file entry-v1.cif (mmCIF, N, CA and C atoms)
data_run
#
loop_
_atom_site.label_atom_id
_atom_site.label_comp_id
_atom_site.auth_asym_id
_atom_site.auth_seq_id
_atom_site.Cartn_x
_atom_site.Cartn_y
_atom_site.Cartn_z
N MET A 963 -31.19 -32.70 -4.60
CA MET A 963 -30.67 -32.25 -5.88
C MET A 963 -30.61 -33.45 -6.82
N GLY A 964 -31.11 -33.29 -8.02
CA GLY A 964 -31.13 -34.36 -8.99
C GLY A 964 -29.77 -34.54 -9.65
N LEU A 965 -29.56 -35.68 -10.25
CA LEU A 965 -28.31 -35.94 -10.95
C LEU A 965 -28.24 -35.13 -12.23
N THR A 966 -29.38 -34.76 -12.75
CA THR A 966 -29.42 -33.90 -13.93
C THR A 966 -30.31 -32.70 -13.63
N LYS A 967 -29.93 -31.55 -14.14
CA LYS A 967 -30.68 -30.35 -13.87
C LYS A 967 -31.75 -30.08 -14.93
N ARG A 968 -31.78 -30.87 -16.01
CA ARG A 968 -32.74 -30.64 -17.09
C ARG A 968 -34.12 -31.14 -16.66
N LYS A 969 -35.07 -30.24 -16.66
CA LYS A 969 -36.44 -30.60 -16.31
C LYS A 969 -37.37 -30.49 -17.53
N ASP A 970 -36.82 -30.09 -18.66
CA ASP A 970 -37.61 -29.83 -19.85
C ASP A 970 -37.80 -31.07 -20.73
N ILE A 971 -37.38 -32.23 -20.26
CA ILE A 971 -37.43 -33.42 -21.10
C ILE A 971 -38.60 -34.28 -20.67
N ASP A 972 -39.50 -34.53 -21.59
CA ASP A 972 -40.65 -35.39 -21.33
C ASP A 972 -40.48 -36.68 -22.13
N ALA A 973 -41.54 -37.44 -22.21
CA ALA A 973 -41.50 -38.67 -23.01
C ALA A 973 -41.21 -38.30 -24.46
N PRO A 974 -40.49 -39.15 -25.17
CA PRO A 974 -40.13 -38.84 -26.55
C PRO A 974 -41.34 -38.75 -27.47
N SER A 975 -41.22 -37.95 -28.49
CA SER A 975 -42.26 -37.78 -29.48
C SER A 975 -41.95 -38.66 -30.69
N PHE A 976 -42.93 -39.39 -31.17
CA PHE A 976 -42.69 -40.25 -32.32
C PHE A 976 -42.80 -39.50 -33.64
N LYS A 977 -42.87 -38.16 -33.54
CA LYS A 977 -42.77 -37.34 -34.74
C LYS A 977 -41.33 -37.33 -35.23
N SER A 978 -40.43 -37.85 -34.43
CA SER A 978 -39.00 -37.86 -34.75
C SER A 978 -38.59 -39.09 -35.56
N ILE A 979 -39.53 -39.69 -36.25
CA ILE A 979 -39.21 -40.86 -37.06
C ILE A 979 -39.28 -40.45 -38.53
N TYR A 980 -38.31 -40.84 -39.31
CA TYR A 980 -38.31 -40.51 -40.73
C TYR A 980 -38.27 -41.80 -41.54
N GLN A 981 -38.68 -41.68 -42.78
CA GLN A 981 -38.73 -42.86 -43.64
C GLN A 981 -37.55 -42.83 -44.60
N GLN A 982 -36.85 -43.94 -44.68
CA GLN A 982 -35.72 -44.06 -45.58
C GLN A 982 -35.79 -45.44 -46.24
N ASN A 983 -35.80 -45.48 -47.56
CA ASN A 983 -35.86 -46.75 -48.30
C ASN A 983 -37.02 -47.64 -47.83
N LYS A 984 -38.19 -47.03 -47.66
CA LYS A 984 -39.41 -47.73 -47.23
C LYS A 984 -39.29 -48.34 -45.83
N GLN A 985 -38.31 -47.91 -45.06
CA GLN A 985 -38.18 -48.35 -43.67
C GLN A 985 -38.25 -47.13 -42.78
N TYR A 986 -38.89 -47.29 -41.65
CA TYR A 986 -38.97 -46.19 -40.70
C TYR A 986 -37.77 -46.25 -39.77
N MET A 987 -37.08 -45.13 -39.66
CA MET A 987 -35.86 -45.06 -38.87
C MET A 987 -36.00 -43.98 -37.81
N PRO A 988 -35.59 -44.25 -36.58
CA PRO A 988 -35.63 -43.19 -35.56
C PRO A 988 -34.51 -42.18 -35.80
N THR A 989 -34.78 -40.94 -35.52
CA THR A 989 -33.74 -39.92 -35.63
C THR A 989 -32.86 -39.96 -34.39
N ARG A 990 -31.73 -39.30 -34.46
CA ARG A 990 -30.84 -39.22 -33.31
C ARG A 990 -31.55 -38.55 -32.13
N LYS A 991 -32.37 -37.54 -32.43
CA LYS A 991 -33.10 -36.84 -31.38
C LYS A 991 -34.06 -37.78 -30.66
N LEU A 992 -34.77 -38.63 -31.40
CA LEU A 992 -35.69 -39.58 -30.78
C LEU A 992 -34.94 -40.54 -29.86
N ILE A 993 -33.84 -41.08 -30.34
CA ILE A 993 -33.06 -42.01 -29.51
C ILE A 993 -32.56 -41.30 -28.25
N THR A 994 -32.06 -40.09 -28.40
CA THR A 994 -31.60 -39.31 -27.24
C THR A 994 -32.74 -39.06 -26.28
N ASP A 995 -33.91 -38.65 -26.80
CA ASP A 995 -35.07 -38.39 -25.94
C ASP A 995 -35.50 -39.63 -25.18
N ILE A 996 -35.44 -40.79 -25.83
CA ILE A 996 -35.80 -42.05 -25.16
C ILE A 996 -34.82 -42.36 -24.03
N LEU A 997 -33.53 -42.22 -24.31
CA LEU A 997 -32.51 -42.50 -23.28
C LEU A 997 -32.64 -41.55 -22.09
N VAL A 998 -32.83 -40.27 -22.37
CA VAL A 998 -32.94 -39.29 -21.29
C VAL A 998 -34.23 -39.51 -20.50
N ALA A 999 -35.34 -39.78 -21.19
CA ALA A 999 -36.60 -40.04 -20.50
C ALA A 999 -36.48 -41.27 -19.60
N ASN A 1000 -35.80 -42.31 -20.08
CA ASN A 1000 -35.59 -43.51 -19.28
C ASN A 1000 -34.75 -43.20 -18.04
N PHE A 1001 -33.70 -42.39 -18.24
CA PHE A 1001 -32.87 -42.00 -17.09
C PHE A 1001 -33.69 -41.20 -16.09
N LYS A 1002 -34.48 -40.23 -16.59
CA LYS A 1002 -35.29 -39.40 -15.69
C LYS A 1002 -36.25 -40.26 -14.87
N LYS A 1003 -36.78 -41.32 -15.50
CA LYS A 1003 -37.70 -42.23 -14.82
C LYS A 1003 -37.00 -42.96 -13.68
N SER A 1004 -35.71 -43.24 -13.85
CA SER A 1004 -34.95 -44.00 -12.85
C SER A 1004 -34.06 -43.13 -11.97
N GLU A 1005 -34.09 -41.83 -12.16
CA GLU A 1005 -33.18 -40.94 -11.45
C GLU A 1005 -33.27 -41.08 -9.94
N ALA A 1006 -34.46 -41.16 -9.40
CA ALA A 1006 -34.63 -41.29 -7.94
C ALA A 1006 -33.98 -42.58 -7.43
N LYS A 1007 -34.09 -43.65 -8.23
CA LYS A 1007 -33.47 -44.93 -7.84
C LYS A 1007 -31.94 -44.80 -7.79
N PHE A 1008 -31.38 -44.08 -8.79
CA PHE A 1008 -29.94 -43.86 -8.80
C PHE A 1008 -29.50 -43.06 -7.57
N GLU A 1009 -30.24 -42.01 -7.27
CA GLU A 1009 -29.90 -41.18 -6.10
C GLU A 1009 -29.95 -42.01 -4.83
N GLU A 1010 -30.97 -42.85 -4.70
CA GLU A 1010 -31.09 -43.71 -3.52
C GLU A 1010 -29.94 -44.69 -3.45
N LEU A 1011 -29.57 -45.28 -4.59
CA LEU A 1011 -28.47 -46.23 -4.63
C LEU A 1011 -27.16 -45.57 -4.22
N PHE A 1012 -26.88 -44.38 -4.79
CA PHE A 1012 -25.65 -43.68 -4.44
C PHE A 1012 -25.63 -43.28 -2.97
N SER A 1013 -26.76 -42.85 -2.45
CA SER A 1013 -26.78 -42.39 -1.06
C SER A 1013 -26.66 -43.55 -0.07
N SER A 1014 -27.01 -44.77 -0.50
CA SER A 1014 -26.93 -45.92 0.40
C SER A 1014 -25.62 -46.69 0.27
N THR A 1015 -24.78 -46.36 -0.70
CA THR A 1015 -23.52 -47.07 -0.90
C THR A 1015 -22.55 -46.71 0.22
N LYS A 1016 -22.02 -47.71 0.86
CA LYS A 1016 -21.09 -47.53 1.98
C LYS A 1016 -19.65 -47.51 1.48
N ALA A 1017 -18.75 -46.96 2.32
CA ALA A 1017 -17.33 -46.92 1.95
C ALA A 1017 -16.47 -46.89 3.20
N GLU A 1018 -15.46 -47.77 3.22
CA GLU A 1018 -14.44 -47.71 4.26
C GLU A 1018 -13.43 -46.63 3.90
N TRP A 1019 -13.12 -46.55 2.60
CA TRP A 1019 -12.26 -45.49 2.07
C TRP A 1019 -12.71 -45.19 0.65
N ILE A 1020 -12.30 -44.05 0.15
CA ILE A 1020 -12.71 -43.65 -1.19
C ILE A 1020 -11.50 -43.28 -2.04
N SER A 1021 -11.69 -43.39 -3.34
CA SER A 1021 -10.68 -42.98 -4.30
C SER A 1021 -11.39 -42.08 -5.31
N CYS A 1022 -10.74 -40.98 -5.67
CA CYS A 1022 -11.37 -39.99 -6.55
C CYS A 1022 -10.47 -39.70 -7.74
N ASP A 1023 -11.09 -39.49 -8.89
CA ASP A 1023 -10.31 -39.12 -10.07
C ASP A 1023 -11.23 -38.66 -11.18
N HIS A 1024 -10.65 -37.92 -12.11
CA HIS A 1024 -11.35 -37.52 -13.33
C HIS A 1024 -11.16 -38.61 -14.38
N THR A 1025 -12.18 -38.86 -15.16
CA THR A 1025 -12.07 -39.73 -16.31
C THR A 1025 -12.60 -38.97 -17.51
N TYR A 1026 -12.00 -39.18 -18.67
CA TYR A 1026 -12.26 -38.30 -19.81
C TYR A 1026 -12.99 -38.97 -20.97
N LYS A 1027 -12.86 -40.27 -21.15
CA LYS A 1027 -13.42 -40.93 -22.34
C LYS A 1027 -14.93 -40.81 -22.44
N THR A 1028 -15.63 -40.95 -21.35
CA THR A 1028 -17.09 -40.94 -21.40
C THR A 1028 -17.65 -39.60 -21.85
N THR A 1029 -17.00 -38.52 -21.51
CA THR A 1029 -17.53 -37.21 -21.86
C THR A 1029 -17.38 -36.89 -23.34
N ALA A 1030 -16.56 -37.62 -24.05
CA ALA A 1030 -16.42 -37.39 -25.49
C ALA A 1030 -17.72 -37.69 -26.21
N ASN A 1031 -18.60 -38.47 -25.59
CA ASN A 1031 -19.88 -38.83 -26.21
C ASN A 1031 -21.04 -37.94 -25.77
N ILE A 1032 -20.77 -36.94 -24.96
CA ILE A 1032 -21.82 -36.04 -24.50
C ILE A 1032 -21.66 -34.72 -25.25
N ASP A 1033 -22.53 -34.50 -26.20
CA ASP A 1033 -22.42 -33.28 -26.99
C ASP A 1033 -23.81 -32.81 -27.41
N CYS A 1034 -23.83 -31.64 -28.02
CA CYS A 1034 -25.07 -31.14 -28.61
C CYS A 1034 -24.72 -30.49 -29.93
N LYS A 1035 -25.70 -30.44 -30.80
CA LYS A 1035 -25.48 -29.87 -32.12
C LYS A 1035 -25.81 -28.38 -32.08
N ARG A 1036 -24.86 -27.55 -32.52
CA ARG A 1036 -25.06 -26.11 -32.56
C ARG A 1036 -26.00 -25.79 -33.72
N ASP A 1037 -27.04 -24.98 -33.45
CA ASP A 1037 -28.03 -24.66 -34.47
C ASP A 1037 -27.44 -23.87 -35.64
N SER A 1038 -26.50 -22.98 -35.36
CA SER A 1038 -25.99 -22.09 -36.41
C SER A 1038 -25.27 -22.83 -37.54
N ASP A 1039 -24.46 -23.82 -37.19
CA ASP A 1039 -23.69 -24.51 -38.24
C ASP A 1039 -23.77 -26.03 -38.16
N GLY A 1040 -24.55 -26.57 -37.22
CA GLY A 1040 -24.70 -28.02 -37.12
C GLY A 1040 -23.52 -28.74 -36.50
N LYS A 1041 -22.52 -27.99 -36.03
CA LYS A 1041 -21.33 -28.61 -35.44
C LYS A 1041 -21.65 -29.16 -34.05
N CYS A 1042 -21.11 -30.36 -33.76
CA CYS A 1042 -21.29 -30.95 -32.43
C CYS A 1042 -20.30 -30.33 -31.46
N ILE A 1043 -20.81 -29.86 -30.34
CA ILE A 1043 -20.00 -29.21 -29.32
C ILE A 1043 -19.97 -30.10 -28.07
N THR A 1044 -18.78 -30.41 -27.59
CA THR A 1044 -18.63 -31.20 -26.37
C THR A 1044 -19.14 -30.40 -25.19
N GLN A 1045 -19.94 -31.03 -24.35
CA GLN A 1045 -20.56 -30.34 -23.22
C GLN A 1045 -19.71 -30.34 -21.96
N TYR A 1046 -18.94 -31.40 -21.75
CA TYR A 1046 -18.17 -31.53 -20.51
C TYR A 1046 -16.76 -32.01 -20.82
N LYS A 1047 -15.84 -31.69 -19.93
CA LYS A 1047 -14.45 -32.11 -20.10
C LYS A 1047 -14.20 -33.48 -19.48
N ALA A 1048 -14.83 -33.75 -18.34
CA ALA A 1048 -14.55 -34.99 -17.62
C ALA A 1048 -15.71 -35.38 -16.72
N VAL A 1049 -15.63 -36.61 -16.21
CA VAL A 1049 -16.51 -37.07 -15.15
C VAL A 1049 -15.62 -37.25 -13.92
N PHE A 1050 -15.99 -36.61 -12.83
CA PHE A 1050 -15.25 -36.78 -11.58
C PHE A 1050 -15.98 -37.86 -10.79
N CYS A 1051 -15.29 -38.97 -10.53
CA CYS A 1051 -15.90 -40.11 -9.85
C CYS A 1051 -15.30 -40.31 -8.47
N ILE A 1052 -16.14 -40.67 -7.54
CA ILE A 1052 -15.70 -41.08 -6.21
C ILE A 1052 -16.10 -42.55 -6.08
N LEU A 1053 -15.10 -43.40 -5.88
CA LEU A 1053 -15.32 -44.85 -5.77
C LEU A 1053 -15.00 -45.32 -4.36
N ASN A 1054 -15.67 -46.38 -3.92
CA ASN A 1054 -15.32 -46.97 -2.63
C ASN A 1054 -14.26 -48.05 -2.83
N GLU A 1055 -13.91 -48.74 -1.78
CA GLU A 1055 -12.85 -49.75 -1.84
C GLU A 1055 -13.21 -50.93 -2.74
N LYS A 1056 -14.48 -51.11 -3.04
CA LYS A 1056 -14.93 -52.19 -3.93
C LYS A 1056 -15.00 -51.73 -5.39
N GLY A 1057 -14.71 -50.47 -5.64
CA GLY A 1057 -14.79 -49.93 -6.99
C GLY A 1057 -16.20 -49.51 -7.38
N GLN A 1058 -17.10 -49.43 -6.40
CA GLN A 1058 -18.46 -48.99 -6.66
C GLN A 1058 -18.51 -47.46 -6.66
N VAL A 1059 -19.31 -46.90 -7.55
CA VAL A 1059 -19.45 -45.45 -7.60
C VAL A 1059 -20.26 -44.99 -6.41
N VAL A 1060 -19.66 -44.11 -5.62
CA VAL A 1060 -20.33 -43.54 -4.46
C VAL A 1060 -20.99 -42.22 -4.86
N GLN A 1061 -20.31 -41.47 -5.71
CA GLN A 1061 -20.83 -40.20 -6.20
C GLN A 1061 -20.09 -39.82 -7.47
N TRP A 1062 -20.73 -39.05 -8.36
CA TRP A 1062 -20.08 -38.60 -9.58
C TRP A 1062 -20.66 -37.26 -10.00
N GLN A 1063 -19.89 -36.57 -10.83
CA GLN A 1063 -20.33 -35.28 -11.34
C GLN A 1063 -19.65 -34.98 -12.67
N LEU A 1064 -20.40 -34.51 -13.63
CA LEU A 1064 -19.82 -34.04 -14.89
C LEU A 1064 -19.15 -32.70 -14.62
N THR A 1065 -17.95 -32.50 -15.15
CA THR A 1065 -17.21 -31.27 -14.89
C THR A 1065 -16.70 -30.64 -16.18
N ASN A 1066 -16.50 -29.34 -16.13
CA ASN A 1066 -15.94 -28.60 -17.25
C ASN A 1066 -14.48 -28.27 -17.04
N GLN A 1067 -14.01 -28.40 -15.82
CA GLN A 1067 -12.63 -28.08 -15.48
C GLN A 1067 -12.12 -29.12 -14.49
N GLU A 1068 -10.85 -29.04 -14.19
CA GLU A 1068 -10.27 -29.97 -13.21
C GLU A 1068 -10.02 -29.29 -11.87
N ASN A 1069 -10.61 -28.13 -11.65
CA ASN A 1069 -10.33 -27.42 -10.41
C ASN A 1069 -11.17 -27.97 -9.26
N PHE A 1070 -10.68 -27.72 -8.07
CA PHE A 1070 -11.32 -28.23 -6.86
C PHE A 1070 -12.67 -27.56 -6.61
N GLU A 1071 -12.79 -26.29 -6.98
CA GLU A 1071 -14.01 -25.54 -6.70
C GLU A 1071 -15.24 -26.21 -7.34
N GLU A 1072 -15.05 -26.83 -8.50
CA GLU A 1072 -16.18 -27.44 -9.21
C GLU A 1072 -16.70 -28.70 -8.50
N VAL A 1073 -15.84 -29.38 -7.75
CA VAL A 1073 -16.26 -30.62 -7.08
C VAL A 1073 -16.25 -30.50 -5.56
N CYS A 1074 -16.00 -29.33 -5.06
CA CYS A 1074 -15.89 -29.10 -3.62
C CYS A 1074 -17.14 -29.57 -2.87
N ASP A 1075 -18.32 -29.29 -3.40
CA ASP A 1075 -19.56 -29.69 -2.73
C ASP A 1075 -19.66 -31.20 -2.57
N MET A 1076 -19.08 -31.94 -3.51
CA MET A 1076 -19.10 -33.40 -3.39
C MET A 1076 -18.35 -33.86 -2.14
N PHE A 1077 -17.22 -33.21 -1.87
CA PHE A 1077 -16.43 -33.59 -0.70
C PHE A 1077 -17.11 -33.18 0.60
N VAL A 1078 -17.81 -32.07 0.58
CA VAL A 1078 -18.59 -31.66 1.75
C VAL A 1078 -19.67 -32.70 2.02
N ASP A 1079 -20.36 -33.14 0.97
CA ASP A 1079 -21.37 -34.19 1.11
C ASP A 1079 -20.76 -35.49 1.63
N MET A 1080 -19.58 -35.85 1.10
CA MET A 1080 -18.93 -37.09 1.53
C MET A 1080 -18.55 -37.03 3.00
N LYS A 1081 -18.05 -35.89 3.42
CA LYS A 1081 -17.65 -35.75 4.83
C LYS A 1081 -18.87 -35.89 5.74
N LYS A 1082 -19.99 -35.29 5.35
CA LYS A 1082 -21.23 -35.42 6.13
C LYS A 1082 -21.72 -36.86 6.14
N LYS A 1083 -21.67 -37.50 4.97
CA LYS A 1083 -22.19 -38.85 4.82
C LYS A 1083 -21.39 -39.86 5.63
N PHE A 1084 -20.07 -39.77 5.58
CA PHE A 1084 -19.22 -40.77 6.22
C PHE A 1084 -18.58 -40.30 7.52
N GLU A 1085 -18.72 -39.03 7.84
CA GLU A 1085 -18.16 -38.45 9.07
C GLU A 1085 -16.69 -38.80 9.24
N ARG A 1086 -15.94 -38.65 8.16
CA ARG A 1086 -14.50 -38.91 8.18
C ARG A 1086 -13.79 -37.80 7.44
N SER A 1087 -12.48 -37.72 7.66
CA SER A 1087 -11.71 -36.74 6.91
C SER A 1087 -11.47 -37.26 5.50
N VAL A 1088 -11.30 -36.34 4.57
CA VAL A 1088 -11.01 -36.70 3.18
C VAL A 1088 -9.54 -36.43 2.95
N GLU A 1089 -8.80 -37.46 2.54
CA GLU A 1089 -7.36 -37.34 2.35
C GLU A 1089 -6.99 -37.72 0.93
N LEU A 1090 -5.82 -37.27 0.50
CA LEU A 1090 -5.32 -37.57 -0.83
C LEU A 1090 -4.77 -39.00 -0.85
N ASP A 1091 -5.13 -39.77 -1.91
CA ASP A 1091 -4.62 -41.14 -2.01
C ASP A 1091 -3.15 -41.13 -2.42
N LEU A 1092 -2.48 -42.24 -2.20
CA LEU A 1092 -1.04 -42.35 -2.41
C LEU A 1092 -0.64 -42.02 -3.85
N PHE A 1093 -1.36 -42.54 -4.84
CA PHE A 1093 -1.01 -42.29 -6.24
C PHE A 1093 -0.98 -40.79 -6.54
N HIS A 1094 -2.03 -40.08 -6.15
CA HIS A 1094 -2.10 -38.65 -6.46
C HIS A 1094 -1.14 -37.83 -5.61
N ALA A 1095 -0.86 -38.30 -4.41
CA ALA A 1095 0.14 -37.60 -3.58
C ALA A 1095 1.52 -37.70 -4.23
N VAL A 1096 1.90 -38.89 -4.66
CA VAL A 1096 3.19 -39.09 -5.33
C VAL A 1096 3.22 -38.31 -6.65
N GLN A 1097 2.12 -38.31 -7.37
CA GLN A 1097 2.04 -37.58 -8.63
C GLN A 1097 2.30 -36.09 -8.43
N ARG A 1098 1.77 -35.52 -7.36
CA ARG A 1098 2.01 -34.10 -7.07
C ARG A 1098 3.47 -33.83 -6.73
N VAL A 1099 4.09 -34.74 -5.98
CA VAL A 1099 5.50 -34.57 -5.63
C VAL A 1099 6.37 -34.66 -6.89
N VAL A 1100 6.13 -35.68 -7.71
CA VAL A 1100 6.91 -35.89 -8.92
C VAL A 1100 6.78 -34.70 -9.87
N LYS A 1101 5.62 -34.12 -9.93
CA LYS A 1101 5.38 -32.97 -10.80
C LYS A 1101 6.28 -31.78 -10.43
N GLU A 1102 6.63 -31.67 -9.16
CA GLU A 1102 7.45 -30.56 -8.69
C GLU A 1102 8.95 -30.82 -8.78
N VAL A 1103 9.35 -32.09 -8.92
CA VAL A 1103 10.77 -32.42 -9.01
C VAL A 1103 11.26 -32.06 -10.41
N PRO A 1104 12.35 -31.25 -10.50
CA PRO A 1104 12.84 -30.88 -11.83
C PRO A 1104 13.37 -32.08 -12.59
N LYS A 1105 13.18 -32.07 -13.89
CA LYS A 1105 13.67 -33.16 -14.74
C LYS A 1105 15.17 -33.02 -14.95
N ARG A 1106 15.85 -34.17 -15.09
CA ARG A 1106 17.30 -34.13 -15.35
C ARG A 1106 17.56 -33.63 -16.74
N LYS A 1107 18.59 -32.86 -16.88
CA LYS A 1107 19.02 -32.38 -18.20
C LYS A 1107 20.14 -33.29 -18.69
N HIS A 1108 19.95 -33.81 -19.89
CA HIS A 1108 20.99 -34.67 -20.49
C HIS A 1108 22.00 -33.83 -21.22
N ILE A 1109 23.26 -34.16 -21.05
CA ILE A 1109 24.34 -33.40 -21.71
C ILE A 1109 24.88 -34.18 -22.87
#
call {"tool": "encode", "arguments": {"input": "entry-v1.cif", "output": "structure tokens"}}
result
Amino acid sequence: MGLTKRKDIDAPSFKSIYQQNKQYMPTRKLITDILVANFKKSEAKFEELFSSTKAEWISCDHTYKTTANIDCKRDSDGKCITQYKAVFCILNEKGQVVQWQLTNQENFEEVCDMFVDMKKKFERSVELDLFHAVQRVVKEVPKRKHI
């Protein structure tokens, strides 16, 4: 399975260049096409790197800032629509990315397959880290009411 499911992206077209003040400027589409084409060219290397990364233990969490930059322009009104809510990252003890996935929700069902893959890859149980375990407990403790 590829890191991206889009197969419709080929090498960028230089028809996406416009002239402004006697200078040729690339359009946003051209820049995006170049970046995606470059990623597609290296995708197999990324998959190999992620599959070969070792881990004694892993830490998992959603991060939100990066997804704010992933959007597409709606044809009807030109408005930019955010494509994903978060990136779910699995890191090893060295902070190296072992696996990641763009997500639209924070539910377990969306990332469940990642944990199945991790269990097969490392042949270990997957447990909740201390920070998130404490966070779940604290969430359930009622707050004090001030009088």
call {"tool": "select_by_dssp", "arguments": {"input": "entry-v1.cif", "residues": "chain A", "states": "alpha helix (DSSP H)", "output": "number ranges by chain"}}
result
A: 990-1014, 1070-1084, 1092-1102
call {"tool": "resolve_selection", "arguments": {"input": "entry-v1.cif", "expression": "the PyMOL selection byres (((chain A and resi 1059 and name CA) around 10) and name CA)", "output": "PyMOL selection string"}}
result
chain A and resi 1011-1012+1015-1017+1020-1022+1051-1058+1060-1062
call {"tool": "select_by_dssp", "arguments": {"input": "entry-v1.cif", "residues": "chain A", "states": "strand (DSSP E)", "output": "MDAnalysis selection string"}}
result
chainID A and resid 979:982 985:988 1020:1025 1033:1035 1042:1044 1048:1054 1059:1065
call {"tool": "write_last_selection", "arguments": {"input": "entry-v1.cif", "atoms": "N, CA and C atoms", "output": "CSV table (one decimal), in the coordinates of the input"}}
result
chain,number,residue,atom,x,y,z
A,979,ILE,N,-39.5,-39.7,-36.2
A,979,ILE,CA,-39.2,-40.9,-37.1
A,979,ILE,C,-39.3,-40.4,-38.5
A,980,TYR,N,-38.3,-40.8,-39.3
A,980,TYR,CA,-38.3,-40.5,-40.7
A,980,TYR,C,-38.3,-41.8,-41.5
A,981,GLN,N,-38.7,-41.7,-42.8
A,981,GLN,CA,-38.7,-42.9,-43.6
A,981,GLN,C,-37.6,-42.8,-44.6
A,982,GLN,N,-36.8,-43.9,-44.7
A,982,GLN,CA,-35.7,-44.1,-45.6
A,982,GLN,C,-35.8,-45.4,-46.2
A,985,GLN,N,-38.3,-47.9,-45.1
A,985,GLN,CA,-38.2,-48.4,-43.7
A,985,GLN,C,-38.2,-47.1,-42.8
A,986,TYR,N,-38.9,-47.3,-41.6
A,986,TYR,CA,-39.0,-46.2,-40.7
A,986,TYR,C,-37.8,-46.2,-39.8
A,987,MET,N,-37.1,-45.1,-39.7
A,987,MET,CA,-35.9,-45.1,-38.9
A,987,MET,C,-36.0,-44.0,-37.8
A,988,PRO,N,-35.6,-44.2,-36.6
A,988,PRO,CA,-35.6,-43.2,-35.6
A,988,PRO,C,-34.5,-42.2,-35.8
A,1020,ILE,N,-12.3,-44.0,0.2
A,1020,ILE,CA,-12.7,-43.6,-1.2
A,1020,ILE,C,-11.5,-43.3,-2.0
A,1021,SER,N,-11.7,-43.4,-3.3
A,1021,SER,CA,-10.7,-43.0,-4.3
A,1021,SER,C,-11.4,-42.1,-5.3
A,1022,CYS,N,-10.7,-41.0,-5.7
A,1022,CYS,CA,-11.4,-40.0,-6.6
A,1022,CYS,C,-10.5,-39.7,-7.7
A,1023,ASP,N,-11.1,-39.5,-8.9
A,1023,ASP,CA,-10.3,-39.1,-10.1
A,1023,ASP,C,-11.2,-38.7,-11.2
A,1024,HIS,N,-10.6,-37.9,-12.1
A,1024,HIS,CA,-11.4,-37.5,-13.3
A,1024,HIS,C,-11.2,-38.6,-14.4
A,1025,THR,N,-12.2,-38.9,-15.2
A,1025,THR,CA,-12.1,-39.7,-16.3
A,1025,THR,C,-12.6,-39.0,-17.5
A,1033,ASP,N,-22.5,-34.5,-26.2
A,1033,ASP,CA,-22.4,-33.3,-27.0
A,1033,ASP,C,-23.8,-32.8,-27.4
A,1034,CYS,N,-23.8,-31.6,-28.0
A,1034,CYS,CA,-25.1,-31.1,-28.6
A,1034,CYS,C,-24.7,-30.5,-29.9
A,1035,LYS,N,-25.7,-30.4,-30.8
A,1035,LYS,CA,-25.5,-29.9,-32.1
A,1035,LYS,C,-25.8,-28.4,-32.1
A,1042,CYS,N,-21.1,-30.4,-33.8
A,1042,CYS,CA,-21.3,-31.0,-32.4
A,1042,CYS,C,-20.3,-30.3,-31.5
A,1043,ILE,N,-20.8,-29.9,-30.3
A,1043,ILE,CA,-20.0,-29.2,-29.3
A,1043,ILE,C,-20.0,-30.1,-28.1
A,1044,THR,N,-18.8,-30.4,-27.6
A,1044,THR,CA,-18.6,-31.2,-26.4
A,1044,THR,C,-19.1,-30.4,-25.2
A,1048,ALA,N,-14.8,-33.8,-18.3
A,1048,ALA,CA,-14.6,-35.0,-17.6
A,1048,ALA,C,-15.7,-35.4,-16.7
A,1049,VAL,N,-15.6,-36.6,-16.2
A,1049,VAL,CA,-16.5,-37.1,-15.2
A,1049,VAL,C,-15.6,-37.2,-13.9
A,1050,PHE,N,-16.0,-36.6,-12.8
A,1050,PHE,CA,-15.2,-36.8,-11.6
A,1050,PHE,C,-16.0,-37.9,-10.8
A,1051,CYS,N,-15.3,-39.0,-10.5
A,1051,CYS,CA,-15.9,-40.1,-9.8
A,1051,CYS,C,-15.3,-40.3,-8.5
A,1052,ILE,N,-16.1,-40.7,-7.5
A,1052,ILE,CA,-15.7,-41.1,-6.2
A,1052,ILE,C,-16.1,-42.6,-6.1
A,1053,LEU,N,-15.1,-43.4,-5.9
A,1053,LEU,CA,-15.3,-44.8,-5.8
A,1053,LEU,C,-15.0,-45.3,-4.4
A,1054,ASN,N,-15.7,-46.4,-3.9
A,1054,ASN,CA,-15.3,-47.0,-2.6
A,1054,ASN,C,-14.3,-48.0,-2.8
A,1059,VAL,N,-19.3,-46.9,-7.6
A,1059,VAL,CA,-19.4,-45.4,-7.6
A,1059,VAL,C,-20.3,-45.0,-6.4
A,1060,VAL,N,-19.7,-44.1,-5.6
A,1060,VAL,CA,-20.3,-43.5,-4.5
A,1060,VAL,C,-21.0,-42.2,-4.9
A,1061,GLN,N,-20.3,-41.5,-5.7
A,1061,GLN,CA,-20.8,-40.2,-6.2
A,1061,GLN,C,-20.1,-39.8,-7.5
A,1062,TRP,N,-20.7,-39.0,-8.4
A,1062,TRP,CA,-20.1,-38.6,-9.6
A,1062,TRP,C,-20.7,-37.3,-10.0
A,1063,GLN,N,-19.9,-36.6,-10.8
A,1063,GLN,CA,-20.3,-35.3,-11.3
A,1063,GLN,C,-19.6,-35.0,-12.7
A,1064,LEU,N,-20.4,-34.5,-13.6
A,1064,LEU,CA,-19.8,-34.0,-14.9
A,1064,LEU,C,-19.2,-32.7,-14.6
A,1065,THR,N,-18.0,-32.5,-15.2
A,1065,THR,CA,-17.2,-31.3,-14.9
A,1065,THR,C,-16.7,-30.6,-16.2
call {"tool": "atom_distance", "arguments": {"input": "entry-v1.cif", "atom1": "atom CA of Lys1035 of chain A", "atom2": "atom CA of Tyr986 of chain A"}}
result
22.8 Å
call {"tool": "atom_distance", "arguments": {"input": "entry-v1.cif", "atom1": "atom N of Asp1023 of chain A", "atom2": "atom N of Val1103 of chain A"}}
result
21.7 Å
